[in-house]
Each structure stands twice: as C-alpha cells, then as structure tokens.
$ cat input-v2.cif   # mmCIF, C-alpha atoms
data_work
#
loop_
_atom_site.label_atom_id
_atom_site.label_comp_id
_atom_site.auth_asym_id
_atom_site.auth_seq_id
_atom_site.Cartn_x
_atom_site.Cartn_y
_atom_site.Cartn_z
CA MET A 1329 -32.08 -1.94 -29.60
CA ALA A 1330 -31.66 -4.12 -26.51
CA MET A 1331 -33.74 -3.03 -23.57
CA HIS A 1332 -32.12 -2.55 -20.21
CA GLN A 1333 -33.16 -5.19 -17.72
CA ALA A 1334 -34.09 -3.97 -14.27
CA ASN A 1335 -31.85 -5.02 -11.44
CA PRO A 1336 -33.73 -7.54 -9.24
CA GLN A 1337 -32.16 -5.95 -6.16
CA GLY A 1338 -33.14 -2.45 -7.32
CA ALA A 1339 -35.24 -1.67 -4.25
CA LYS A 1340 -32.37 -2.60 -1.93
CA LEU A 1341 -29.92 -0.46 -3.89
CA THR A 1342 -32.31 2.49 -3.89
CA ALA A 1343 -32.48 2.42 -0.11
CA LEU A 1344 -28.70 2.12 0.15
CA ASP A 1345 -27.60 4.54 -2.57
CA PRO A 1346 -30.08 7.29 -3.45
CA ILE A 1347 -27.47 9.20 -5.51
CA TRP A 1348 -26.85 6.24 -7.81
CA ASP A 1349 -30.60 5.63 -8.07
CA ARG A 1350 -31.13 9.24 -9.11
CA VAL A 1351 -28.33 9.06 -11.71
CA ARG A 1352 -29.81 5.86 -13.16
CA ALA A 1353 -33.32 7.37 -13.28
CA GLU A 1354 -31.96 10.42 -15.10
CA ALA A 1355 -30.09 8.14 -17.52
CA GLU A 1356 -33.27 6.19 -18.29
CA ASP A 1357 -35.08 9.49 -18.88
CA ILE A 1358 -32.36 10.60 -21.33
CA VAL A 1359 -32.66 7.32 -23.23
CA ARG A 1360 -36.44 7.82 -23.54
CA ARG A 1361 -36.19 11.47 -24.62
CA GLU A 1362 -33.06 11.31 -26.78
CA PRO A 1363 -32.68 7.84 -28.35
CA GLU A 1364 -29.61 8.95 -30.32
CA LEU A 1365 -27.69 9.10 -27.01
CA ALA A 1366 -28.84 5.63 -25.92
CA SER A 1367 -25.61 3.73 -26.65
CA PHE A 1368 -23.51 6.37 -24.86
CA ILE A 1369 -25.84 6.39 -21.83
CA TYR A 1370 -26.03 2.58 -21.68
CA SER A 1371 -22.26 2.12 -21.87
CA THR A 1372 -21.52 4.91 -19.41
CA VAL A 1373 -24.28 4.48 -16.82
CA LEU A 1374 -26.89 1.77 -17.30
CA HIS A 1375 -24.50 -1.13 -17.87
CA HIS A 1376 -22.90 -0.58 -14.47
CA GLU A 1377 -24.11 -1.85 -11.10
CA ARG A 1378 -22.57 0.89 -8.96
CA LEU A 1379 -21.77 4.59 -9.23
CA GLU A 1380 -18.07 3.86 -8.74
CA ALA A 1381 -17.99 1.64 -11.83
CA SER A 1382 -19.76 4.29 -13.89
CA VAL A 1383 -17.40 7.08 -12.79
CA VAL A 1384 -14.34 4.91 -13.42
CA HIS A 1385 -15.64 3.95 -16.87
CA ARG A 1386 -16.26 7.58 -17.84
CA ILE A 1387 -12.90 8.83 -16.56
CA ALA A 1388 -11.03 5.96 -18.24
CA GLU A 1389 -12.79 6.67 -21.54
CA ARG A 1390 -11.88 10.36 -21.34
CA LEU A 1391 -8.24 9.67 -20.41
CA ASP A 1392 -7.70 6.77 -22.82
CA HIS A 1393 -4.57 7.40 -24.86
CA SER A 1394 -2.07 5.34 -26.81
CA ALA A 1395 0.53 6.04 -24.10
CA LEU A 1396 -1.82 5.12 -21.23
CA SER A 1397 -4.70 2.78 -21.98
CA GLY A 1398 -8.15 3.13 -20.52
CA ASP A 1399 -7.92 -0.47 -19.29
CA LEU A 1400 -4.86 0.36 -17.18
CA ILE A 1401 -6.67 3.39 -15.75
CA ARG A 1402 -9.69 1.20 -14.90
CA GLN A 1403 -7.49 -1.40 -13.20
CA THR A 1404 -5.74 1.29 -11.17
CA TYR A 1405 -9.05 2.84 -10.11
CA ASP A 1406 -10.36 -0.60 -9.14
CA GLU A 1407 -7.28 -1.18 -6.98
CA ALA A 1408 -7.69 2.27 -5.40
CA LEU A 1409 -11.37 1.54 -4.63
CA ARG A 1410 -10.46 -1.80 -3.04
CA ASP A 1411 -7.76 -0.13 -0.96
CA ASP A 1412 -9.89 2.92 -0.04
CA PRO A 1413 -13.63 2.20 -0.38
CA ASP A 1414 -14.39 5.70 0.91
CA LEU A 1415 -13.32 7.00 -2.50
CA GLY A 1416 -16.83 6.11 -3.71
CA ASN A 1417 -18.32 8.36 -1.03
CA ALA A 1418 -16.09 11.15 -2.32
CA PHE A 1419 -17.56 10.61 -5.82
CA ARG A 1420 -21.05 10.98 -4.37
CA ALA A 1421 -20.16 14.05 -2.32
CA ASP A 1422 -18.63 15.68 -5.40
CA LEU A 1423 -21.76 14.99 -7.47
CA VAL A 1424 -23.95 16.50 -4.76
CA ALA A 1425 -21.66 19.52 -4.43
CA VAL A 1426 -21.75 20.22 -8.16
CA TYR A 1427 -25.52 19.77 -8.24
CA ASP A 1428 -25.99 22.13 -5.27
CA ARG A 1429 -23.50 24.83 -6.27
CA ASP A 1430 -23.49 24.97 -10.07
CA PRO A 1431 -26.46 26.89 -11.47
CA ALA A 1432 -25.94 25.26 -14.88
CA THR A 1433 -26.64 21.83 -13.41
CA SER A 1434 -30.18 20.57 -13.23
CA ARG A 1435 -29.40 16.85 -13.02
CA PHE A 1436 -26.97 14.66 -11.08
CA ILE A 1437 -25.93 12.86 -14.25
CA ASP A 1438 -24.54 15.98 -15.97
CA PRO A 1439 -21.23 16.19 -14.04
CA LEU A 1440 -20.71 12.45 -14.46
CA LEU A 1441 -21.14 12.64 -18.22
CA TYR A 1442 -19.88 16.05 -19.28
CA PHE A 1443 -18.16 18.24 -16.68
CA LYS A 1444 -14.40 18.22 -17.12
CA GLY A 1445 -13.93 19.83 -13.70
CA PHE A 1446 -15.64 16.86 -12.06
CA HIS A 1447 -13.52 14.49 -14.17
CA ALA A 1448 -10.35 16.38 -13.24
CA LEU A 1449 -11.22 16.16 -9.54
CA GLN A 1450 -11.73 12.39 -9.75
CA THR A 1451 -8.48 12.05 -11.69
CA HIS A 1452 -6.71 14.05 -8.96
CA ARG A 1453 -8.16 11.68 -6.34
CA LEU A 1454 -6.59 8.74 -8.20
CA ALA A 1455 -3.27 10.57 -8.58
CA HIS A 1456 -3.25 11.38 -4.87
CA TRP A 1457 -3.93 7.74 -4.01
CA LEU A 1458 -1.07 6.70 -6.30
CA PHE A 1459 1.25 9.25 -4.66
CA GLN A 1460 0.39 7.94 -1.19
CA LYS A 1461 0.92 4.38 -2.38
CA ALA A 1462 4.31 5.25 -3.90
CA ALA A 1463 5.38 7.12 -0.77
CA ARG A 1464 4.62 4.05 1.36
CA ILE A 1465 6.44 1.78 -1.07
CA SER A 1466 9.50 4.04 -1.25
CA HIS A 1467 9.62 4.22 2.57
CA ILE A 1468 9.70 0.41 2.72
CA ILE A 1469 12.42 0.31 0.04
CA PHE A 1470 14.56 2.85 1.93
CA ARG A 1471 14.22 0.90 5.18
CA ALA A 1472 15.22 -2.30 3.41
CA ALA A 1473 18.21 -0.54 1.81
CA ARG A 1474 19.34 0.77 5.20
CA ARG A 1475 19.16 -2.71 6.70
CA ARG A 1476 20.96 -4.28 3.75
CA TYR A 1477 23.89 -1.88 3.81
CA SER A 1478 23.88 -1.56 7.62
CA ARG A 1479 24.87 2.07 7.49
CA PRO A 1480 22.90 5.30 7.23
CA ILE A 1481 21.96 6.30 3.72
CA SER A 1482 21.34 9.94 3.02
CA THR A 1483 17.99 9.97 1.25
CA PRO A 1484 15.13 12.45 1.22
CA GLN A 1485 11.87 11.54 2.89
CA PRO A 1486 9.23 10.07 0.56
CA GLY A 1487 6.93 12.75 -0.76
CA SER A 1488 9.33 15.59 -0.04
CA GLY A 1489 9.81 16.30 -3.72
CA ALA A 1490 13.55 16.47 -3.18
CA GLY A 1491 14.29 14.69 -6.44
CA TYR A 1492 16.81 11.93 -6.91
CA SER A 1493 19.22 10.88 -4.24
CA SER A 1494 22.57 9.28 -4.69
CA ILE A 1495 23.86 6.38 -2.71
CA THR A 1496 27.60 6.70 -2.43
CA PRO A 1497 29.66 3.54 -2.45
CA PRO A 1498 31.82 2.77 0.57
CA VAL A 1499 35.32 4.26 0.53
CA SER A 1500 37.78 1.91 -1.08
CA SER A 1501 41.56 1.72 -0.90
CA ALA A 1502 41.93 2.19 -4.64
CA VAL A 1503 44.19 5.02 -5.69
CA ARG A 1504 42.90 7.22 -8.45
CA PRO A 1505 45.38 8.69 -10.93
CA ARG A 1506 45.58 12.48 -11.09
#

$ encode --input "input-v2.cif" --output "structure tokens"
Amino acid sequence: MAMHQANPQGAKLTALDPIWDRVRAEAEDIVRREPELASFIYSTVLHHERLEASVVHRIAERLDHSALSGDLIRQTYDEALRDDPDLGNAFRADLVAVYDRDPATSRFIDPLLYFKGFHALQTHRLAHWLFQKAARISHIIFRAARRRYSRPISTPQPGSGAGYSSITPPVSSAVRPR
C-alpha cells in the first residue's frame, strides 16, 4: 500500500483551515485503525489538498449516474467554487453545525463521508447556484430579445416559475381561410 506523503505546507494549511486539518487527522486515524477502509479514505479525503475538493469528490461519487456523470458534477462544482468561493465556507459551517448538533456525530469526517443529509444540503447549494446562474442568463437573453425585436415581449421574470412563455409573431396581412 502506498503511504500518504505529508504536505510540505501542512503547517501553513493548519493555521489557515483548522476544519480541514481536523478532517485529515481523523482520516489518517481511520486508515491506521481500519486498514480495509484505506482506499476509500485515501480517494475521498487524503488525496485532496482542500476540503472543497474532498466534498466535491464525495458528492460527485454519490450522485454519479449514467444520465449525469460524476465528472460533469465535479466540473460544475468547480465552476461554482470559482464563481462563489464562499461556498467552501458554507461547507465548513455545515460540518461544524452537524458536529455540534448531531449527538450521533463524534468526528468531523462522518458527515463528509456518510451523512446523506449533509450531502443533500451541499447538492442543494449547487442547485441553487445553478438556478441563480440560469436566472441571470435568461435575463440577459430576454433583454437581447427585446432589443432585437424592438418591441415589448410578454415574458415572465426569470425565477418566477411561470413556465414557458410564447413570443407571438407580428400581425401580418395574410388572410386565413375559415
């Protein structure tokens, strides 16, 4: 079995991210105590440099499906984290909240690895980011459509959940048979 190599900047990361340091320490303890879980723990936690990467990996593995690949989920999460870096702080706050409030939790790593409620919350965060992104994109598309046709178009506001809208063609002089 390959041994995990310590990160040369480990002391700097510990000072900057105590939650991630605690998760990694718990992962190393699991590997020592339960060697049969080593490959799962290495792939999920110890092979990643940051908590965000570990959470994204775990969620993508859980959601991987033939209709929606784990790679696409990872890419979308990566884009969301670039667009909203505070999403990583939400991951940390959620881990702390579960640790503080759930009497069944004795380690920070447990929600990351096993708790479907934690996974569902992180999936919701991604879905919310996607919704906000789509709402902004649809607003830009509607503005461009209004400018292109130079007349008001009756469309619902993005995010209103009003369903599909129809754009009626301009009135023509064609006569329709009865």

$ resolve_selection --input "input-v2.cif" --expression "the PyMOL selection byres ((chain A and resi 1437-1445) around 7)" --output "PDB file with C-alpha atoms, in the frame of the given file"
ATOM      1  CA  VAL A1351     -28.330   9.060 -11.710  1.00  0.00           C
ATOM      2  CA  GLU A1354     -31.960  10.420 -15.100  1.00  0.00           C
ATOM      3  CA  VAL A1383     -17.400   7.080 -12.790  1.00  0.00           C
ATOM      4  CA  LEU A1423     -21.760  14.990  -7.470  1.00  0.00           C
ATOM      5  CA  THR A1433     -26.640  21.830 -13.410  1.00  0.00           C
ATOM      6  CA  ARG A1435     -29.400  16.850 -13.020  1.00  0.00           C
ATOM      7  CA  PHE A1436     -26.970  14.660 -11.080  1.00  0.00           C
ATOM      8  CA  PHE A1446     -15.640  16.860 -12.060  1.00  0.00           C
ATOM      9  CA  HIS A1447     -13.520  14.490 -14.170  1.00  0.00           C
ATOM     10  CA  ALA A1448     -10.350  16.380 -13.240  1.00  0.00           C
ATOM     11  CA  LEU A1449     -11.220  16.160  -9.540  1.00  0.00           C
TER      12      LEU A1449
END

$ resolve_selection --input "input-v2.cif" --expression "the PyMOL selection byres ((chain A and resi 1453) around 12)" --output "number ranges by chain"
A: 1384, 1387, 1404-1405, 1408-1409, 1412, 1414-1419, 1422, 1446-1452, 1454-1460

$ residues_near_point --input "input-v2.cif" --point "(-12.3, 4.7, -16.0)" --cutoff "10 Å" --atoms "only C-alpha atoms" --output "list of chain:residue names"
A:Thr1372, A:Glu1380, A:Ala1381, A:Ser1382, A:Val1383, A:Val1384, A:His1385, A:Arg1386, A:Ile1387, A:Ala1388, A:Glu1389, A:Arg1390, A:Leu1391, A:Asp1392, A:Ser1397, A:Gly1398, A:Asp1399, A:Leu1400, A:Ile1401, A:Arg1402, A:Gln1403, A:Thr1404, A:Tyr1405, A:Asp1406, A:Gln1450, A:Thr1451

$ atom_distance --input "input-v2.cif" --atom1 "CA of Ala1355 (chain A)" --atom2 "CA of Leu1379 (chain A)"
12.3 Å

$ atom_distance --input "input-v2.cif" --atom1 "CA of Asp1411 (chain A)" --atom2 "CA of Ala1395 (chain A)"
25.3 Å

$ atom_distance --input "input-v2.cif" --atom1 "CA of Trp1348 (chain A)" --atom2 "CA of Arg1378 (chain A)"
6.9 Å

$ closest_residue --input "input-v2.cif" --among "A:Ile1347, A:Val1373, A:Pro1413, A:His1393" --to "Val1359 (chain A)" --atoms "all atoms listed in the file"
A:Val1373

$ residues_around --input "input-v2.cif" --residues "Leu1374 (chain A)" --least-positions-apart "3" --cutoff "8 Å" --atoms "all atoms listed in the file" --output "ChimeraX atom specification"
/A:1332,1352,1355-1356,1369-1371,1377

$ write_last_selection --input "input-v2.cif" --atoms "C-alpha atoms" --output "short mmCIF file (atom, residue, chain, number, x, y, z; two decimals), keeping the file's coordinate frame"
data_model
loop_
_atom_site.label_atom_id
_atom_site.label_comp_id
_atom_site.auth_asym_id
_atom_site.auth_seq_id
_atom_site.Cartn_x
_atom_site.Cartn_y
_atom_site.Cartn_z
CA HIS A 1332 -32.12 -2.55 -20.21
CA ARG A 1352 -29.81 5.86 -13.16
CA ALA A 1355 -30.09 8.14 -17.52
CA GLU A 1356 -33.27 6.19 -18.29
CA ILE A 1369 -25.84 6.39 -21.83
CA TYR A 1370 -26.03 2.58 -21.68
CA SER A 1371 -22.26 2.12 -21.87
CA GLU A 1377 -24.11 -1.85 -11.10
#
